[in-house]
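Notes to accompany the following structure.
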Amino acid sequence: MKNKIFKNVMIHVKYPYTTLVIAIMWIGIAMIISRQQENLEILVFATSICTLVVALIGFKFPK
């Protein structure tokens, strides 16, 4: 049963490195926001744009 769940999760995560980069970006921004009280909107907006760029490049299907 446990092995079947692991296989299902791995099927959905085809690009683990891209996922890891995006997760590290958002964890880092969360740590920055917890210590900084100004320009939060700019930080979240910039991280969102970077996430979209990384996702477009990293999740692109090979031809």
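Each chain of the structure tokens is named A, B, ... in the order shown, its residues numbered from 1; ligands are numbered from 1 in display order.
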Report as a PDB file with N, CA, C and O atoms, in the first residue's frame all protein, DNA and RNA residues lying within 12 Å of Leu40 of chain A, evaluated on only C-alpha atoms, omitting residues in the same chain fewer than 6 positions from it.
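Output file out-v1.pdb follows:
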ATOM      1  N   ILE A  29      11.421  33.541   0.665  1.00  0.00           N
ATOM      2  CA  ILE A  29      10.650  34.780   0.757  1.00  0.00           C
ATOM      3  C   ILE A  29       9.864  34.821   2.056  1.00  0.00           C
ATOM      4  O   ILE A  29       9.678  35.891   2.650  1.00  0.00           O
ATOM      5  N   ALA A  30       9.408  33.672   2.533  1.00  0.00           N
ATOM      6  CA  ALA A  30       8.697  33.639   3.817  1.00  0.00           C
ATOM      7  C   ALA A  30       9.633  34.028   4.963  1.00  0.00           C
ATOM      8  O   ALA A  30       9.227  34.747   5.888  1.00  0.00           O
ATOM      9  N   MET A  31      10.884  33.582   4.901  1.00  0.00           N
ATOM     10  CA  MET A  31      11.844  33.951   5.942  1.00  0.00           C
ATOM     11  C   MET A  31      12.167  35.448   5.875  1.00  0.00           C
ATOM     12  O   MET A  31      12.310  36.101   6.901  1.00  0.00           O
ATOM     13  N   ILE A  32      12.269  35.995   4.679  1.00  0.00           N
ATOM     14  CA  ILE A  32      12.544  37.427   4.533  1.00  0.00           C
ATOM     15  C   ILE A  32      11.369  38.251   5.041  1.00  0.00           C
ATOM     16  O   ILE A  32      11.544  39.240   5.757  1.00  0.00           O
ATOM     17  N   ILE A  33      10.156  37.854   4.666  1.00  0.00           N
ATOM     18  CA  ILE A  33       8.971  38.602   5.074  1.00  0.00           C
ATOM     19  C   ILE A  33       8.784  38.580   6.588  1.00  0.00           C
ATOM     20  O   ILE A  33       8.345  39.568   7.174  1.00  0.00           O
ATOM     21  N   SER A  34       9.148  37.488   7.234  1.00  0.00           N
ATOM     22  CA  SER A  34       8.977  37.413   8.689  1.00  0.00           C
ATOM     23  C   SER A  34       9.869  38.408   9.423  1.00  0.00           C
ATOM     24  O   SER A  34       9.567  38.798  10.546  1.00  0.00           O
ATOM     25  N   ALA A  46       7.236  40.062  -6.953  1.00  0.00           N
ATOM     26  CA  ALA A  46       8.469  39.664  -7.636  1.00  0.00           C
ATOM     27  C   ALA A  46       8.670  38.149  -7.564  1.00  0.00           C
ATOM     28  O   ALA A  46       9.070  37.520  -8.553  1.00  0.00           O
ATOM     29  N   THR A  47       8.380  37.563  -6.427  1.00  0.00           N
ATOM     30  CA  THR A  47       8.501  36.110  -6.287  1.00  0.00           C
ATOM     31  C   THR A  47       7.490  35.390  -7.168  1.00  0.00           C
ATOM     32  O   THR A  47       7.794  34.344  -7.751  1.00  0.00           O
TER      33      THR A  47
END
### Task
Work out how far apart atom CA of Phe59 of chain A and atom CA of Thr18 of chain A are and give it in Å to one decimal.
7.1 Å
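Straight-line separation from atom CA of Val53 of chain A to atom CA of Tyr15 of chain A: 14.9 Å.
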### Query
Which residue gives the smallest distance to Ile27 of chain A among A:Ala55, A:Asn39, A:Val44, A:Lys60, with only C-alpha atoms counted?
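When distances to Ile27 of chain A are compared using only C-alpha atoms, the smallest one comes from A:Val44.
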### Query
If you count only C-alpha atoms, which residues fall within 12 Å of Ile57 of chain A, apart from same-chain ones fewer than 5 positions away, as a PyMOL selection string?
chain A and resi 15+17-19+21-22+50-52+62
### Query
Quick one, how far is atom CA of Glu41 of chain A from atom CA of Leu20 of chain A?
23.3 Å
